[in-house]
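Data from start_27.cif: mmCIF, C-alpha atoms and all ligand atoms
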data_work
#
loop_
_atom_site.label_atom_id
_atom_site.label_comp_id
_atom_site.auth_asym_id
_atom_site.auth_seq_id
_atom_site.Cartn_x
_atom_site.Cartn_y
_atom_site.Cartn_z
CA MET I 1 3.12 -5.44 27.44
CA SER I 2 -0.61 -5.72 28.23
CA ASP I 3 -2.34 -9.08 28.09
CA LEU I 4 -4.83 -7.80 25.57
CA ILE I 5 -4.08 -8.39 21.92
CA ASN I 6 -3.65 -4.97 20.34
CA ILE I 7 -4.99 -4.90 16.80
CA ALA I 8 -4.29 -2.14 14.27
CA LEU I 9 -7.21 -1.93 11.84
CA PRO I 10 -6.87 0.13 8.65
CA LYS I 11 -9.51 2.89 8.59
CA GLY I 12 -12.03 2.27 5.84
CA ARG I 13 -13.96 -0.52 4.22
CA LEU I 14 -11.24 -3.17 4.50
CA GLY I 15 -10.75 -2.54 8.24
CA GLU I 16 -14.50 -2.66 8.84
CA LYS I 17 -14.75 -5.95 6.99
CA VAL I 18 -11.93 -7.46 9.05
CA TYR I 19 -13.49 -6.18 12.27
CA ASN I 20 -16.81 -7.79 11.30
CA MET I 21 -15.05 -11.10 10.66
CA LEU I 22 -13.37 -10.91 14.07
CA ALA I 23 -16.58 -9.84 15.80
CA ALA I 24 -18.41 -12.79 14.24
CA ALA I 25 -15.70 -15.07 15.63
CA GLY I 26 -16.28 -13.73 19.14
CA TYR I 27 -13.78 -10.84 19.28
CA ASP I 28 -16.42 -8.14 19.28
CA CYS I 29 -16.14 -4.74 20.86
CA PRO I 30 -19.61 -3.16 20.65
CA GLU I 31 -18.59 0.48 21.23
CA ILE I 32 -16.61 0.38 17.96
CA ASN I 33 -19.95 0.66 16.09
CA ASP I 34 -20.84 3.98 17.74
CA LYS I 35 -20.69 6.27 14.69
CA ASP I 36 -20.71 9.45 16.81
CA THR I 37 -17.53 8.71 18.69
CA ARG I 38 -14.15 10.23 17.83
CA LYS I 39 -12.41 7.65 20.00
CA LEU I 40 -9.59 5.78 18.27
CA THR I 41 -9.13 2.83 20.64
CA PHE I 42 -11.74 0.32 21.75
CA GLU I 43 -11.21 -2.54 24.11
CA ASN I 44 -13.12 -5.54 25.33
CA PRO I 45 -11.13 -7.03 28.22
CA GLU I 46 -13.48 -10.01 28.44
CA LYS I 47 -12.60 -10.99 24.88
CA GLY I 48 -8.95 -10.04 25.35
CA VAL I 49 -8.77 -7.51 22.50
CA ARG I 50 -8.08 -3.84 21.95
CA TYR I 51 -8.65 -2.31 18.51
CA PHE I 52 -7.16 0.90 17.01
CA TRP I 53 -8.15 2.60 13.78
CA VAL I 54 -5.07 3.83 11.95
CA LYS I 55 -4.29 5.22 8.54
CA PRO I 56 -3.83 2.17 6.26
CA SER I 57 -0.28 3.19 5.34
CA ASP I 58 0.64 3.42 9.06
CA VAL I 59 -0.47 -0.08 10.14
CA ALA I 60 2.93 -1.64 9.44
CA ILE I 61 4.74 0.99 11.56
CA TYR I 62 2.48 0.36 14.57
CA VAL I 63 3.05 -3.37 14.27
CA GLU I 64 6.79 -3.19 13.59
CA ARG I 65 7.34 -1.05 16.69
CA GLY I 66 5.07 -3.16 18.89
CA ALA I 67 2.42 -0.49 19.51
CA ALA I 68 0.09 -3.06 17.96
CA ASP I 69 0.62 -6.82 18.25
CA ILE I 70 -1.05 -7.53 14.94
CA GLY I 71 -2.53 -5.55 12.10
CA ILE I 72 -4.04 -5.73 8.66
CA ALA I 73 -1.90 -4.24 5.92
CA GLY I 74 -2.06 -4.32 2.14
CA LYS I 75 0.76 -6.13 0.37
CA ASP I 76 1.47 -2.77 -1.33
CA ILE I 77 2.41 -1.22 2.02
CA ILE I 78 4.49 -4.27 2.99
CA LEU I 79 6.41 -4.16 -0.29
CA GLU I 80 6.92 -0.41 -0.12
CA TYR I 81 8.15 -0.19 3.49
CA SER I 82 9.57 -3.72 4.07
CA PRO I 83 8.64 -3.61 7.78
CA ASP I 84 10.39 -6.09 10.09
CA VAL I 85 7.22 -8.06 10.93
CA TYR I 86 5.83 -11.54 10.36
CA GLU I 87 3.35 -11.84 7.51
CA LEU I 88 1.01 -14.47 8.95
CA CYS I 89 -1.45 -14.97 6.14
CA ASP I 90 -3.08 -13.68 3.01
CA LEU I 91 -6.64 -12.71 3.97
CA GLY I 92 -7.80 -12.98 0.34
CA ILE I 93 -9.66 -9.66 0.59
CA GLY I 94 -8.79 -6.11 -0.43
CA LYS I 95 -7.72 -7.49 -3.79
CA CYS I 96 -6.31 -5.13 -6.39
CA ARG I 97 -3.13 -4.81 -8.46
CA MET I 98 -0.14 -2.52 -8.63
CA CYS I 99 0.06 -1.19 -12.16
CA VAL I 100 1.86 1.16 -14.46
CA ALA I 101 -0.74 3.33 -16.18
CA ALA I 102 -0.43 5.98 -18.86
CA PRO I 103 -2.55 8.22 -21.08
CA LYS I 104 -4.18 6.24 -23.89
CA GLY I 105 -1.79 5.77 -26.79
CA PHE I 106 1.30 6.53 -24.71
CA LYS I 107 4.58 5.39 -26.34
CA TYR I 108 7.76 4.97 -24.34
CA ASP I 109 10.67 7.04 -25.70
CA ASN I 110 14.02 5.60 -24.65
CA GLU I 111 15.80 8.85 -25.59
CA LYS I 112 14.11 10.60 -22.66
CA THR I 113 14.12 9.83 -18.92
CA LEU I 114 10.70 8.43 -18.06
CA THR I 115 8.93 10.42 -15.35
CA VAL I 116 6.86 8.31 -12.94
CA ALA I 117 4.42 9.73 -10.37
CA THR I 118 3.56 7.45 -7.46
CA LYS I 119 2.80 6.98 -3.79
CA PHE I 120 5.09 3.92 -3.96
CA PRO I 121 8.62 5.09 -4.89
CA HIS I 122 10.37 1.87 -3.80
CA ILE I 123 8.03 -0.37 -5.74
CA ALA I 124 8.32 1.89 -8.81
CA ALA I 125 12.13 2.08 -8.54
CA GLY I 126 12.41 -1.72 -8.16
CA HIS I 127 10.15 -2.36 -11.11
CA TYR I 128 12.07 -0.11 -13.50
CA ALA I 129 15.49 -1.18 -12.16
CA SER I 130 14.56 -4.77 -13.06
CA LYS I 131 13.99 -3.56 -16.63
CA SER I 132 17.15 -1.38 -16.63
CA ILE I 133 15.06 1.69 -17.40
CA ASP I 134 16.15 5.01 -15.93
CA ILE I 135 13.35 6.93 -14.32
CA ASP I 136 12.70 10.16 -12.50
CA ILE I 137 10.30 9.49 -9.61
CA ILE I 138 7.81 12.12 -8.50
CA LYS I 139 6.48 11.16 -5.07
CA LEU I 140 2.88 12.22 -4.53
CA ASN I 141 0.48 11.44 -1.69
CA GLY I 142 -2.81 10.97 -3.53
CA SER I 143 -4.83 11.69 -6.68
CA ILE I 144 -1.93 10.18 -8.63
CA GLU I 145 -4.01 10.02 -11.82
CA LEU I 146 -3.79 13.79 -12.11
CA ALA I 147 -0.05 13.71 -12.78
CA PRO I 148 -0.07 12.51 -16.42
CA ILE I 149 -3.18 14.57 -17.19
CA LEU I 150 -1.35 17.74 -16.14
CA LYS I 151 1.93 16.54 -17.73
CA LEU I 152 3.62 16.36 -14.34
CA SER I 153 4.68 12.81 -15.28
CA ASP I 154 4.64 10.45 -18.27
CA VAL I 155 3.17 7.49 -16.37
CA ILE I 156 1.99 6.52 -12.89
CA VAL I 157 2.58 3.50 -10.67
CA ASP I 158 -0.54 3.02 -8.59
CA ILE I 159 -3.17 0.67 -7.24
CA VAL I 160 -5.93 -0.33 -9.65
CA GLU I 161 -8.99 -1.94 -8.13
CA THR I 162 -12.02 -1.60 -10.40
CA GLY I 163 -10.16 0.44 -13.04
CA LYS I 164 -12.85 3.14 -12.87
CA THR I 165 -10.49 5.96 -11.86
CA LEU I 166 -8.21 5.24 -14.83
CA ILE I 167 -11.08 5.03 -17.33
CA GLU I 168 -12.70 8.25 -16.12
CA ASN I 169 -9.38 10.06 -16.54
CA ASP I 170 -8.53 8.67 -20.01
CA LEU I 171 -5.70 6.55 -18.69
CA GLU I 172 -5.09 2.84 -19.17
CA PRO I 173 -3.04 0.19 -17.40
CA ILE I 174 0.02 -0.72 -19.47
CA GLU I 175 1.69 -3.22 -17.12
CA THR I 176 0.75 -5.13 -13.99
CA ILE I 177 3.60 -5.11 -11.49
CA ILE I 178 2.08 -7.36 -8.84
CA PRO I 179 -1.29 -8.52 -7.49
CA ILE I 180 -2.13 -7.09 -4.07
CA SER I 181 -4.30 -8.32 -1.19
CA ALA I 182 -4.62 -7.72 2.54
CA ARG I 183 -2.24 -9.55 4.88
CA LEU I 184 -2.36 -10.24 8.59
CA ILE I 185 0.95 -9.10 10.08
CA ALA I 186 2.37 -9.58 13.57
CA ASN I 187 5.02 -7.94 15.68
CA LYS I 188 7.89 -10.40 16.09
CA ALA I 189 8.12 -10.19 19.91
CA SER I 190 4.34 -10.30 20.34
CA TYR I 191 4.19 -13.38 18.16
CA LYS I 192 6.52 -15.09 20.62
CA PHE I 193 4.94 -13.89 23.86
CA LYS I 194 1.27 -13.87 22.85
CA ALA I 195 1.56 -16.82 20.48
CA GLU I 196 -1.52 -18.71 21.59
CA GLY I 197 -3.87 -15.71 21.49
CA ILE I 198 -2.56 -14.47 18.16
CA LYS I 199 -2.81 -17.88 16.49
CA LYS I 200 -6.35 -18.36 17.76
CA LEU I 201 -7.35 -14.97 16.45
CA ALA I 202 -5.61 -15.55 13.09
CA ASN I 203 -7.60 -18.78 12.70
CA ALA I 204 -10.78 -16.73 12.91
CA LEU I 205 -9.71 -14.85 9.79
CA VAL I 206 -8.73 -17.67 7.45
C1 LIG D 301 -6.76 4.43 -4.94
C2 LIG D 301 -5.73 4.41 -6.05
C3 LIG D 301 -6.54 4.84 -7.24
C4 LIG D 301 -7.91 4.27 -6.95
C5 LIG D 301 -8.10 3.03 -7.77
O1 LIG D 301 -6.89 5.73 -4.51
O2 LIG D 301 -4.65 5.27 -5.75
O3 LIG D 301 -6.60 6.26 -7.32
O4 LIG D 301 -7.96 3.96 -5.55
O5 LIG D 301 -9.38 2.47 -7.59
P1 LIG D 301 -10.27 2.03 -8.83
O6 LIG D 301 -9.43 1.22 -9.76
O7 LIG D 301 -11.36 1.17 -8.20
O8 LIG D 301 -10.82 3.25 -9.47
P2 LIG D 301 -7.52 6.13 -3.12
O9 LIG D 301 -9.00 5.94 -3.17
O10 LIG D 301 -6.83 5.38 -2.03
O11 LIG D 301 -7.24 7.67 -3.02
P3 LIG D 301 -5.95 8.58 -3.21
O12 LIG D 301 -6.19 9.30 -4.48
O13 LIG D 301 -5.95 9.47 -2.04
O14 LIG D 301 -4.73 7.73 -3.29
#
In structure tokens, write the structure found in this file.
Ligand code: PRP
Amino acid sequence: MSDLINIALPKGRLGEKVYNMLAAAGYDCPEINDKDTRKLTFENPEKGVRYFWVKPSDVAIYVERGAADIGIAGKDIILEYSPDVYELCDLGIGKCRMCVAAPKGFKYDNEKTLTVATKFPHIAAGHYASKSIDIDIIKLNGSIELAPILKLSDVIVDIVETGKTLIENDLEPIETIIPISARLIANKASYKFKAEGIKKLANALV
């Protein structure tokens, strides 16, 4: 295990925001701002940090397996994959909600199995199991809103942030399953062996 704290940042706006918060707290790594680079890891040994950009849905895997000591993951990913990691704190950013959405005017018919398209099959299954409703899950990897439009599914379970994607596709939220925000997560062994460094860094984020 290196002495540096390895940090998995989710690619995109949320990861950039978290990096800026860390940089402002003294954990900067100037070469990360070089827009022309295709490099995926950036380290600043003086500050004791190494950053990686990873696909947001992969952050929890890197942290669970110890490839990263800490990472920033949405609560949606944590609920979907239940990684064996410590959830250190709610960062209060990346706020959105997990919703069931359907075409306007949709009416549930309990004579038919409800078809649900989603990137989050475990969350969807848990939600409908708690209501004792039988469903047929269609796992998709993106553009979930297309599914009810093309009659691939009756409803979707997906993230709603501004609600713009639903509105522009004549869909509407019919239930909120759970509010979502970004969490700081830590590998369990790293949290023991790099406790001081990780706690100091976490304090910079809350
Ligand atoms: C997410 C989500 C919705 C959209 C919601 O998709 O799956 O499609 O954002 O945002 P809004 O409420 O602000 O419109 P993402 O951008 O991650 O793309 P995807 O279609 O590849 O899942």
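For the choices I:Glu168, I:Glu175, I:Asp58, I:Asp134, the atom-to-atom distance to ligand LIG 301 (chain D) is smallest for I:Glu168 when using all atoms listed in the file.
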Computed interatomic separation between atom CA of I:Tyr128 and atom CA of I:Thr165 (Å):
23.4 Å
Could you work out an axis-aligned box for ligand LIG 301 (chain D), taking every atom the file lists and adding 5 Å on each side, and report centre and edge lengths in Å to one decimal, as lines of an AutoDock Vina configuration file?
center_x = -8.0
center_y = 5.3
center_z = -5.9
size_x = 16.7
size_y = 18.3
size_z = 17.7
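The set of protein, DNA and RNA residues with any counted atom at most 7 Å from (-3.3, -7.4, 10.2) (all atoms listed in the file) reads Ala8, Leu9, Ile70, Gly71, Ile72, Ala73, Arg183, Leu184, Ile185 and Ala186 of chain I.
Closest approach to I:Gly94 among I:Leu14, I:Ala195, I:Ala124, I:Ala189 is made by I:Leu14 (distances from all atoms listed in the file).
Distance annotation: of I:Ile93, I:Ala101, I:Ala60, I:Ala67, the residue with the minimal separation from I:Ala147 is I:Ala101; atom set is only C-alpha atoms.
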